[in-house]
$ cat my_file-v7.pdb   # PDB, C-alpha atoms
MODEL        1
ATOM      1  CA  MET A   1       0.649  24.581 -26.750  1.00  0.00           C
ATOM      2  CA  VAL A   2       1.965  23.627 -23.307  1.00  0.00           C
ATOM      3  CA  GLU A   3       3.345  20.111 -23.295  1.00  0.00           C
ATOM      4  CA  ALA A   4       1.586  17.748 -20.899  1.00  0.00           C
ATOM      5  CA  GLU A   5       4.946  16.710 -19.436  1.00  0.00           C
ATOM      6  CA  TYR A   6       5.565  20.307 -18.349  1.00  0.00           C
ATOM      7  CA  LEU A   7       2.112  20.589 -16.760  1.00  0.00           C
ATOM      8  CA  GLU A   8       2.672  17.326 -14.897  1.00  0.00           C
ATOM      9  CA  SER A   9       6.071  18.491 -13.665  1.00  0.00           C
ATOM     10  CA  ILE A  10       4.461  21.608 -12.174  1.00  0.00           C
ATOM     11  CA  LEU A  11       1.754  19.469 -10.578  1.00  0.00           C
ATOM     12  CA  ARG A  12       4.355  17.207  -8.969  1.00  0.00           C
ATOM     13  CA  ASP A  13       6.252  20.171  -7.529  1.00  0.00           C
ATOM     14  CA  GLU A  14       3.075  21.664  -6.049  1.00  0.00           C
ATOM     15  CA  LEU A  15       1.642  18.426  -4.686  1.00  0.00           C
ATOM     16  CA  ASN A  16       4.973  17.252  -3.288  1.00  0.00           C
ATOM     17  CA  ALA A  17       4.998  20.369  -1.116  1.00  0.00           C
ATOM     18  CA  THR A  18       1.334  20.312  -0.075  1.00  0.00           C
ATOM     19  CA  ALA A  19      -0.195  16.813  -0.278  1.00  0.00           C
ATOM     20  CA  GLN A  20      -0.526  14.604   2.801  1.00  0.00           C
ATOM     21  CA  ARG A  21       1.185  11.222   2.587  1.00  0.00           C
ATOM     22  CA  VAL A  22      -0.830   8.051   3.194  1.00  0.00           C
ATOM     23  CA  MET A  23      -0.289   4.344   2.624  1.00  0.00           C
ATOM     24  CA  THR A  24      -2.583   2.538   0.190  1.00  0.00           C
ATOM     25  CA  VAL A  25      -2.278  -0.820  -1.533  1.00  0.00           C
ATOM     26  CA  LEU A  26      -3.644  -0.652  -5.070  1.00  0.00           C
ATOM     27  CA  ARG A  27      -3.307  -4.331  -6.013  1.00  0.00           C
ATOM     28  CA  PRO A  28      -3.404  -6.198  -2.691  1.00  0.00           C
ATOM     29  CA  LEU A  29      -1.577  -9.341  -1.640  1.00  0.00           C
ATOM     30  CA  LYS A  30      -2.060 -10.652   1.906  1.00  0.00           C
ATOM     31  CA  MET A  31       0.897 -11.012   4.248  1.00  0.00           C
ATOM     32  CA  VAL A  32       0.518 -13.001   7.479  1.00  0.00           C
ATOM     33  CA  LEU A  33       3.125 -12.542  10.216  1.00  0.00           C
ATOM     34  CA  THR A  34       3.049 -16.038  11.689  1.00  0.00           C
ATOM     35  CA  ASN A  35       5.030 -15.151  14.834  1.00  0.00           C
ATOM     36  CA  TYR A  36       3.014 -12.008  15.625  1.00  0.00           C
ATOM     37  CA  PRO A  37       0.344 -12.322  18.371  1.00  0.00           C
ATOM     38  CA  GLU A  38      -3.084 -12.826  16.798  1.00  0.00           C
ATOM     39  CA  ASP A  39      -4.956 -10.310  18.957  1.00  0.00           C
ATOM     40  CA  GLN A  40      -2.229  -7.672  19.223  1.00  0.00           C
ATOM     41  CA  VAL A  41      -2.590  -4.250  17.619  1.00  0.00           C
ATOM     42  CA  GLU A  42       0.147  -1.621  17.615  1.00  0.00           C
ATOM     43  CA  GLU A  43       0.235   1.946  16.365  1.00  0.00           C
ATOM     44  CA  PHE A  44       3.113   3.597  14.563  1.00  0.00           C
ATOM     45  CA  GLU A  45       3.697   7.284  14.070  1.00  0.00           C
ATOM     46  CA  ALA A  46       4.004   8.454  10.454  1.00  0.00           C
ATOM     47  CA  GLY A  47       4.841  11.926   9.216  1.00  0.00           C
ATOM     48  CA  ASN A  48       2.198  13.644   7.094  1.00  0.00           C
ATOM     49  CA  ASN A  49       4.595  15.465   4.782  1.00  0.00           C
ATOM     50  CA  PRO A  50       8.421  15.429   4.999  1.00  0.00           C
ATOM     51  CA  GLU A  51       8.468  18.670   2.975  1.00  0.00           C
ATOM     52  CA  ASP A  52       6.344  20.470   5.587  1.00  0.00           C
ATOM     53  CA  PRO A  53       7.195  19.833   9.261  1.00  0.00           C
ATOM     54  CA  SER A  54       4.143  21.870  10.320  1.00  0.00           C
ATOM     55  CA  ALA A  55       1.906  19.204   8.740  1.00  0.00           C
ATOM     56  CA  GLY A  56       2.461  17.045  11.822  1.00  0.00           C
ATOM     57  CA  SER A  57       1.992  13.286  12.006  1.00  0.00           C
ATOM     58  CA  ARG A  58      -0.621  10.584  12.356  1.00  0.00           C
ATOM     59  CA  THR A  59      -0.768   7.049  13.749  1.00  0.00           C
ATOM     60  CA  VAL A  60      -1.298   3.961  11.611  1.00  0.00           C
ATOM     61  CA  PRO A  61      -2.511   0.620  13.050  1.00  0.00           C
ATOM     62  CA  PHE A  62      -0.511  -2.575  12.619  1.00  0.00           C
ATOM     63  CA  CYS A  63      -1.542  -6.194  13.224  1.00  0.00           C
ATOM     64  CA  ARG A  64      -0.785  -9.809  12.294  1.00  0.00           C
ATOM     65  CA  GLU A  65      -2.409  -9.678   8.835  1.00  0.00           C
ATOM     66  CA  LEU A  66      -1.417  -6.973   6.367  1.00  0.00           C
ATOM     67  CA  TRP A  67      -1.979  -6.008   2.759  1.00  0.00           C
ATOM     68  CA  ILE A  68       1.085  -5.314   0.634  1.00  0.00           C
ATOM     69  CA  GLU A  69       1.421  -4.401  -3.038  1.00  0.00           C
ATOM     70  CA  ARG A  70       1.340  -7.455  -5.298  1.00  0.00           C
ATOM     71  CA  ASP A  71       4.142  -5.996  -7.414  1.00  0.00           C
ATOM     72  CA  ASP A  72       6.372  -5.929  -4.329  1.00  0.00           C
ATOM     73  CA  PHE A  73       6.733  -9.719  -4.377  1.00  0.00           C
ATOM     74  CA  GLU A  74       8.500 -11.979  -6.882  1.00  0.00           C
ATOM     75  CA  GLU A  75       8.832 -15.694  -6.299  1.00  0.00           C
ATOM     76  CA  VAL A  76      11.814 -15.782  -8.676  1.00  0.00           C
ATOM     77  CA  PRO A  77      13.213 -12.256  -8.396  1.00  0.00           C
ATOM     78  CA  PRO A  78      15.090 -10.729 -11.338  1.00  0.00           C
ATOM     79  CA  LYS A  79      18.525  -9.214 -10.814  1.00  0.00           C
ATOM     80  CA  GLY A  80      18.309  -5.924  -8.945  1.00  0.00           C
ATOM     81  CA  PHE A  81      14.923  -6.697  -7.352  1.00  0.00           C
ATOM     82  CA  PHE A  82      15.198  -5.375  -3.783  1.00  0.00           C
ATOM     83  CA  ARG A  83      11.662  -6.039  -2.628  1.00  0.00           C
ATOM     84  CA  LEU A  84      10.205  -9.252  -1.174  1.00  0.00           C
ATOM     85  CA  SER A  85      10.994 -12.789  -2.303  1.00  0.00           C
ATOM     86  CA  PRO A  86      11.292 -16.182  -0.518  1.00  0.00           C
ATOM     87  CA  GLY A  87      13.877 -16.025   2.267  1.00  0.00           C
ATOM     88  CA  LYS A  88      14.493 -12.311   1.795  1.00  0.00           C
ATOM     89  CA  GLU A  89      14.205  -9.650   4.505  1.00  0.00           C
ATOM     90  CA  VAL A  90      12.644  -6.239   3.855  1.00  0.00           C
ATOM     91  CA  ARG A  91      11.506  -3.270   5.913  1.00  0.00           C
ATOM     92  CA  LEU A  92       7.838  -2.439   6.424  1.00  0.00           C
ATOM     93  CA  LYS A  93       7.780   1.338   6.473  1.00  0.00           C
ATOM     94  CA  HIS A  94       7.498   2.781  10.022  1.00  0.00           C
ATOM     95  CA  ALA A  95       7.196  -0.764  11.450  1.00  0.00           C
ATOM     96  CA  TYR A  96       9.464  -3.843  11.449  1.00  0.00           C
ATOM     97  CA  LEU A  97      11.857  -5.927   9.400  1.00  0.00           C
ATOM     98  CA  VAL A  98      10.110  -9.028   8.035  1.00  0.00           C
ATOM     99  CA  THR A  99      11.282 -12.148   6.191  1.00  0.00           C
ATOM    100  CA  CYS A 100       9.246 -14.219   3.725  1.00  0.00           C
ATOM    101  CA  ARG A 101       9.107 -17.871   4.861  1.00  0.00           C
ATOM    102  CA  ASN A 102       6.347 -19.505   2.815  1.00  0.00           C
ATOM    103  CA  VAL A 103       4.334 -18.793  -0.330  1.00  0.00           C
ATOM    104  CA  ILE A 104       0.678 -19.918  -0.497  1.00  0.00           C
ATOM    105  CA  LYS A 105      -0.879 -20.564  -3.922  1.00  0.00           C
ATOM    106  CA  ASP A 106      -4.289 -21.495  -5.272  1.00  0.00           C
ATOM    107  CA  ALA A 107      -5.094 -24.487  -7.504  1.00  0.00           C
ATOM    108  CA  GLU A 108      -3.995 -22.534 -10.604  1.00  0.00           C
ATOM    109  CA  GLY A 109      -0.627 -21.695  -9.094  1.00  0.00           C
ATOM    110  CA  ASN A 110      -1.401 -18.045  -8.359  1.00  0.00           C
ATOM    111  CA  VAL A 111       0.187 -16.568  -5.238  1.00  0.00           C
ATOM    112  CA  THR A 112      -2.608 -15.757  -2.778  1.00  0.00           C
ATOM    113  CA  GLU A 113      -0.798 -15.233   0.529  1.00  0.00           C
ATOM    114  CA  LEU A 114       2.664 -14.819   2.008  1.00  0.00           C
ATOM    115  CA  HIS A 115       3.636 -16.210   5.400  1.00  0.00           C
ATOM    116  CA  CYS A 116       6.395 -14.130   6.942  1.00  0.00           C
ATOM    117  CA  THR A 117       8.073 -13.617  10.292  1.00  0.00           C
ATOM    118  CA  TYR A 118       8.860 -10.286  11.910  1.00  0.00           C
ATOM    119  CA  ASP A 119      11.800  -9.342  14.102  1.00  0.00           C
ATOM    120  CA  PRO A 120      10.355  -7.695  17.251  1.00  0.00           C
ATOM    121  CA  ALA A 121      13.727  -6.077  17.998  1.00  0.00           C
ATOM    122  CA  THR A 122      13.445  -3.931  14.863  1.00  0.00           C
ATOM    123  CA  ARG A 123      10.466  -1.762  15.863  1.00  0.00           C
ATOM    124  CA  GLY A 124      10.668   1.424  13.843  1.00  0.00           C
ATOM    125  CA  GLY A 125      12.552  -0.301  11.032  1.00  0.00           C
ATOM    126  CA  ASP A 126      16.146  -0.418  12.279  1.00  0.00           C
ATOM    127  CA  ALA A 127      18.052  -3.517  13.420  1.00  0.00           C
ATOM    128  CA  PRO A 128      20.001  -3.272  16.720  1.00  0.00           C
ATOM    129  CA  ASP A 129      22.759  -5.447  15.234  1.00  0.00           C
ATOM    130  CA  GLY A 130      23.262  -2.959  12.411  1.00  0.00           C
ATOM    131  CA  ARG A 131      22.276  -5.233   9.522  1.00  0.00           C
ATOM    132  CA  LYS A 132      21.028  -3.409   6.465  1.00  0.00           C
ATOM    133  CA  VAL A 133      18.105  -4.149   4.167  1.00  0.00           C
ATOM    134  CA  LYS A 134      17.583  -2.397   0.843  1.00  0.00           C
ATOM    135  CA  GLY A 135      13.861  -2.872   0.327  1.00  0.00           C
ATOM    136  CA  THR A 136      11.186  -0.799   2.093  1.00  0.00           C
ATOM    137  CA  LEU A 137       7.523  -1.627   1.438  1.00  0.00           C
ATOM    138  CA  HIS A 138       4.348   0.233   2.250  1.00  0.00           C
ATOM    139  CA  TRP A 139       1.451  -1.734   3.774  1.00  0.00           C
ATOM    140  CA  VAL A 140      -2.024  -1.493   5.291  1.00  0.00           C
ATOM    141  CA  SER A 141      -3.370  -3.370   8.302  1.00  0.00           C
ATOM    142  CA  ALA A 142      -5.936  -5.851   6.962  1.00  0.00           C
ATOM    143  CA  ARG A 143      -8.072  -5.559  10.100  1.00  0.00           C
ATOM    144  CA  HIS A 144      -8.296  -1.775   9.839  1.00  0.00           C
ATOM    145  CA  ALA A 145      -8.130  -1.284   6.061  1.00  0.00           C
ATOM    146  CA  VAL A 146     -10.674   0.885   4.256  1.00  0.00           C
ATOM    147  CA  PRO A 147     -11.854  -0.530   0.892  1.00  0.00           C
ATOM    148  CA  LEU A 148     -11.254   2.011  -1.881  1.00  0.00           C
ATOM    149  CA  GLU A 149     -12.073   2.478  -5.528  1.00  0.00           C
ATOM    150  CA  VAL A 150      -8.993   3.957  -7.192  1.00  0.00           C
ATOM    151  CA  ARG A 151      -9.189   5.294 -10.737  1.00  0.00           C
ATOM    152  CA  LEU A 152      -5.844   5.374 -12.520  1.00  0.00           C
ATOM    153  CA  TYR A 153      -6.175   7.911 -15.325  1.00  0.00           C
ATOM    154  CA  ASP A 154      -3.560   8.073 -18.074  1.00  0.00           C
ATOM    155  CA  ARG A 155      -3.231   9.665 -21.528  1.00  0.00           C
ATOM    156  CA  LEU A 156      -6.271   9.206 -23.763  1.00  0.00           C
ATOM    157  CA  PHE A 157      -4.115   8.633 -26.850  1.00  0.00           C
ATOM    158  CA  THR A 158      -0.952   6.621 -27.441  1.00  0.00           C
ATOM    159  CA  ARG A 159       0.440   9.236 -29.832  1.00  0.00           C
ATOM    160  CA  LYS A 160       1.840  12.505 -28.525  1.00  0.00           C
ATOM    161  CA  ASP A 161       0.977  14.697 -31.526  1.00  0.00           C
ATOM    162  CA  MET A 162      -2.602  13.961 -32.582  1.00  0.00           C
ATOM    163  CA  SER A 163      -2.559  16.752 -35.169  1.00  0.00           C
ATOM    164  CA  ASN A 164      -0.250  14.744 -37.417  1.00  0.00           C
ATOM    165  CA  LEU A 165      -1.637  11.231 -37.885  1.00  0.00           C
ATOM    166  CA  GLU A 166      -0.265   8.502 -40.094  1.00  0.00           C
ATOM    167  CA  GLU A 167      -1.902   8.155 -43.488  1.00  0.00           C
ATOM    168  CA  GLY A 168      -5.064   6.097 -43.470  1.00  0.00           C
ATOM    169  CA  LYS A 169      -5.507   6.272 -39.704  1.00  0.00           C
ATOM    170  CA  ASN A 170      -7.852   8.249 -37.449  1.00  0.00           C
ATOM    171  CA  PHE A 171      -7.940   9.069 -33.765  1.00  0.00           C
ATOM    172  CA  ARG A 172      -9.574   5.735 -32.878  1.00  0.00           C
ATOM    173  CA  ASP A 173      -6.401   3.933 -33.942  1.00  0.00           C
ATOM    174  CA  TYR A 174      -4.502   5.717 -31.167  1.00  0.00           C
ATOM    175  CA  LEU A 175      -6.875   5.295 -28.237  1.00  0.00           C
ATOM    176  CA  ASN A 176      -5.010   4.139 -25.143  1.00  0.00           C
ATOM    177  CA  PRO A 177      -6.717   0.997 -23.754  1.00  0.00           C
ATOM    178  CA  ASP A 178      -5.205   1.789 -20.341  1.00  0.00           C
ATOM    179  CA  SER A 179      -6.368   5.417 -20.206  1.00  0.00           C
ATOM    180  CA  LEU A 180      -8.534   4.399 -17.248  1.00  0.00           C
ATOM    181  CA  VAL A 181      -7.824   1.438 -14.969  1.00  0.00           C
ATOM    182  CA  VAL A 182     -10.050   0.926 -11.919  1.00  0.00           C
ATOM    183  CA  CYS A 183      -8.529  -0.845  -8.899  1.00  0.00           C
ATOM    184  CA  ARG A 184     -10.254  -2.306  -5.858  1.00  0.00           C
ATOM    185  CA  SER A 185      -7.765  -1.283  -3.245  1.00  0.00           C
ATOM    186  CA  PHE A 186      -7.178  -0.744   0.483  1.00  0.00           C
ATOM    187  CA  GLY A 187      -6.049   2.302   2.419  1.00  0.00           C
ATOM    188  CA  GLU A 188      -5.381   3.670   5.882  1.00  0.00           C
ATOM    189  CA  PRO A 189      -8.410   4.281   8.153  1.00  0.00           C
ATOM    190  CA  LEU A 190      -8.169   8.085   7.773  1.00  0.00           C
ATOM    191  CA  LEU A 191      -9.254   7.773   4.119  1.00  0.00           C
ATOM    192  CA  LYS A 192     -12.748   6.728   5.137  1.00  0.00           C
ATOM    193  CA  ASN A 193     -13.827  10.300   5.829  1.00  0.00           C
ATOM    194  CA  THR A 194     -12.111  12.881   3.659  1.00  0.00           C
ATOM    195  CA  ASP A 195     -13.063  16.318   2.396  1.00  0.00           C
ATOM    196  CA  PRO A 196     -14.272  16.611  -1.215  1.00  0.00           C
ATOM    197  CA  GLU A 197     -11.336  17.134  -3.579  1.00  0.00           C
ATOM    198  CA  ALA A 198      -8.787  16.558  -0.787  1.00  0.00           C
ATOM    199  CA  ARG A 199      -5.361  15.717  -2.187  1.00  0.00           C
ATOM    200  CA  PHE A 200      -2.976  12.968  -1.085  1.00  0.00           C
ATOM    201  CA  GLN A 201       0.256  11.345  -2.068  1.00  0.00           C
ATOM    202  CA  PHE A 202      -0.245   7.586  -2.025  1.00  0.00           C
ATOM    203  CA  LEU A 203       3.249   6.463  -1.029  1.00  0.00           C
ATOM    204  CA  ARG A 204       5.215   5.068  -3.976  1.00  0.00           C
ATOM    205  CA  GLN A 205       2.113   5.385  -6.211  1.00  0.00           C
ATOM    206  CA  GLY A 206       1.344   8.981  -7.144  1.00  0.00           C
ATOM    207  CA  TYR A 207      -0.896  11.922  -6.313  1.00  0.00           C
ATOM    208  CA  PHE A 208      -4.633  11.431  -5.934  1.00  0.00           C
ATOM    209  CA  CYS A 209      -7.719  13.508  -5.161  1.00  0.00           C
ATOM    210  CA  VAL A 210     -11.120  12.588  -3.750  1.00  0.00           C
ATOM    211  CA  ASP A 211     -13.770  12.092  -6.449  1.00  0.00           C
ATOM    212  CA  PRO A 212     -17.261  13.629  -5.972  1.00  0.00           C
ATOM    213  CA  ASP A 213     -18.642  10.065  -6.254  1.00  0.00           C
ATOM    214  CA  SER A 214     -16.891   9.218  -2.994  1.00  0.00           C
ATOM    215  CA  THR A 215     -18.914   8.088   0.042  1.00  0.00           C
ATOM    216  CA  PRO A 216     -17.867   6.908   3.527  1.00  0.00           C
ATOM    217  CA  GLU A 217     -18.906   3.399   2.460  1.00  0.00           C
ATOM    218  CA  CYS A 218     -16.910   3.553  -0.773  1.00  0.00           C
ATOM    219  CA  PRO A 219     -14.243   6.271  -0.965  1.00  0.00           C
ATOM    220  CA  VAL A 220     -13.206   6.997  -4.558  1.00  0.00           C
ATOM    221  CA  PHE A 221      -9.863   8.490  -5.554  1.00  0.00           C
ATOM    222  CA  ASN A 222      -8.671   9.723  -8.941  1.00  0.00           C
ATOM    223  CA  ARG A 223      -5.013   9.800  -9.939  1.00  0.00           C
ATOM    224  CA  THR A 224      -3.916  13.325 -10.762  1.00  0.00           C
ATOM    225  CA  VAL A 225      -0.349  12.466 -11.745  1.00  0.00           C
ATOM    226  CA  SER A 226       2.139   9.666 -11.158  1.00  0.00           C
ATOM    227  CA  LEU A 227       5.252  10.154  -9.039  1.00  0.00           C
ATOM    228  CA  LYS A 228       7.551   9.876 -12.060  1.00  0.00           C
ATOM    229  CA  ASP A 229       7.169  10.704 -15.717  1.00  0.00           C
ATOM    230  CA  SER A 230       6.961   7.312 -17.409  1.00  0.00           C
ATOM    231  CA  TRP A 231       5.153   8.746 -20.422  1.00  0.00           C
ATOM    232  CA  ALA A 232       8.215  10.510 -21.848  1.00  0.00           C
ATOM    233  CA  LYS A 233       9.966   7.132 -22.091  1.00  0.00           C
ATOM    234  CA  GLU A 234       7.029   5.682 -24.019  1.00  0.00           C
ATOM    235  CA  VAL A 235       7.010   8.657 -26.382  1.00  0.00           C
ATOM    236  CA  ARG A 236      10.688   8.126 -27.163  1.00  0.00           C
ATOM    237  CA  LYS A 237       9.881   4.562 -28.233  1.00  0.00           C
ATOM    238  CA  GLY A 238       7.977   5.912 -31.203  1.00  0.00           C
ATOM    239  CA  GLY A 239       4.896   7.871 -30.102  1.00  0.00           C
TER     240      GLY A 239
ENDMDL
END
$ encode --input "my_file-v7.pdb" --output "structure tokens"
Amino acid sequence: MVEAEYLESILRDELNATAQRVMTVLRPLKMVLTNYPEDQVEEFEAGNNPEDPSAGSRTVPFCRELWIERDDFEEVPPKGFFRLSPGKEVRLKHAYLVTCRNVIKDAEGNVTELHCTYDPATRGGDAPDGRKVKGTLHWVSARHAVPLEVRLYDRLFTRKDMSNLEEGKNFRDYLNPDSLVVCRSFGEPLLKNTDPEARFQFLRQGYFCVDPDSTPECPVFNRTVSLKDSWAKEVRKGG
């Protein structure tokens, strides 16, 4: 039997070489750039695949309100957290350096919005004064975002070897409750009209293909494989 980890490694090698890169936000958190003009829209050039120069580039729109990944913000960041937190500066990929100034919460204390400022001198992501930032986040323009359904498929069972079960247990005891997680997400405008079974790398997320259920009104994407093998670590814990 071929181990799933080996199959996934081959998939990553193939898709890394061939899949177009796009920015999507799976679990969105709104970012408002308070010093950015309300009606302004810019476009930034983004490469389609750094492994294949012939793949060319595309433009992505940018405006005052953006979606970023919820996991890219921590109000009280742990040690070694290089993404966004209050008072910290990060890079928005292809765009600008931004700093978090204020955190907006709902009545239950949940973070609902971040108010940030951008440095207009850092267009393209580099500071003229040479200052360095460690964190780089992907993003999607809220005004231009395409709503997506993203299906995150994982292993069906929590045990690696299902042919050798513990005494008194059956396969139902090892079903993975997170074998399918559905996210209401946002993506770049180009994802609105895609070919059936087209393949993409969602930056920092994994490799995805278009599901046959997909429509222009509701594009649907299935995860083929994650960027890194996190399953092997879980198996070593006792699977």
$ resolve_selection --input "my_file-v7.pdb" --expression "the PyMOL selection byres ((chain A and resi 77-87) around 9)" --output "ChimeraX atom specification"
/A:71-76,88-91,99-103,133-137
$ write_last_selection --input "my_file-v7.pdb" --atoms "C-alpha atoms" --output "mmCIF file, in the coordinates of the input"
data_model
loop_
_atom_site.group_PDB
_atom_site.id
_atom_site.type_symbol
_atom_site.label_atom_id
_atom_site.label_comp_id
_atom_site.auth_asym_id
_atom_site.auth_seq_id
_atom_site.Cartn_x
_atom_site.Cartn_y
_atom_site.Cartn_z
ATOM 1 C CA ASP A 71 4.142 -5.996 -7.414
ATOM 2 C CA ASP A 72 6.372 -5.929 -4.329
ATOM 3 C CA PHE A 73 6.733 -9.719 -4.377
ATOM 4 C CA GLU A 74 8.500 -11.979 -6.882
ATOM 5 C CA GLU A 75 8.832 -15.694 -6.299
ATOM 6 C CA VAL A 76 11.814 -15.782 -8.676
ATOM 7 C CA LYS A 88 14.493 -12.311 1.795
ATOM 8 C CA GLU A 89 14.205 -9.650 4.505
ATOM 9 C CA VAL A 90 12.644 -6.239 3.855
ATOM 10 C CA ARG A 91 11.506 -3.270 5.913
ATOM 11 C CA THR A 99 11.282 -12.148 6.191
ATOM 12 C CA CYS A 100 9.246 -14.219 3.725
ATOM 13 C CA ARG A 101 9.107 -17.871 4.861
ATOM 14 C CA ASN A 102 6.347 -19.505 2.815
ATOM 15 C CA VAL A 103 4.334 -18.793 -0.330
ATOM 16 C CA VAL A 133 18.105 -4.149 4.167
ATOM 17 C CA LYS A 134 17.583 -2.397 0.843
ATOM 18 C CA GLY A 135 13.861 -2.872 0.327
ATOM 19 C CA THR A 136 11.186 -0.799 2.093
ATOM 20 C CA LEU A 137 7.523 -1.627 1.438
#
$ resolve_selection --input "my_file-v7.pdb" --expression "the PyMOL selection byres ((chain A and resi 114-130) around 8)" --output "list in words"
Leu29, Lys30, Met31, Val32, Leu33, Thr34, Asn35, Tyr36, Phe44, Arg91, Leu92, Lys93, His94, Ala95, Tyr96, Leu97, Val98, Thr99, Cys100, Arg101, Asn102, Val103, Ile104, Val111, Thr112, Glu113, Arg131 and Lys132 of chain A
$ atom_distance --input "my_file-v7.pdb" --atom1 "CA of Val22 in chain A" --atom2 "CA of Leu156 in chain A"
27.5 Å
$ atom_distance --input "my_file-v7.pdb" --atom1 "CA of Gln40 in chain A" --atom2 "CA of Pro219 in chain A"
27.3 Å
$ residues_around --input "my_file-v7.pdb" --residues "Leu175 in chain A" --least-positions-apart "6" --cutoff "9 Å" --atoms "only C-alpha atoms" --output "PyMOL selection string"
chain A and resi 155-159
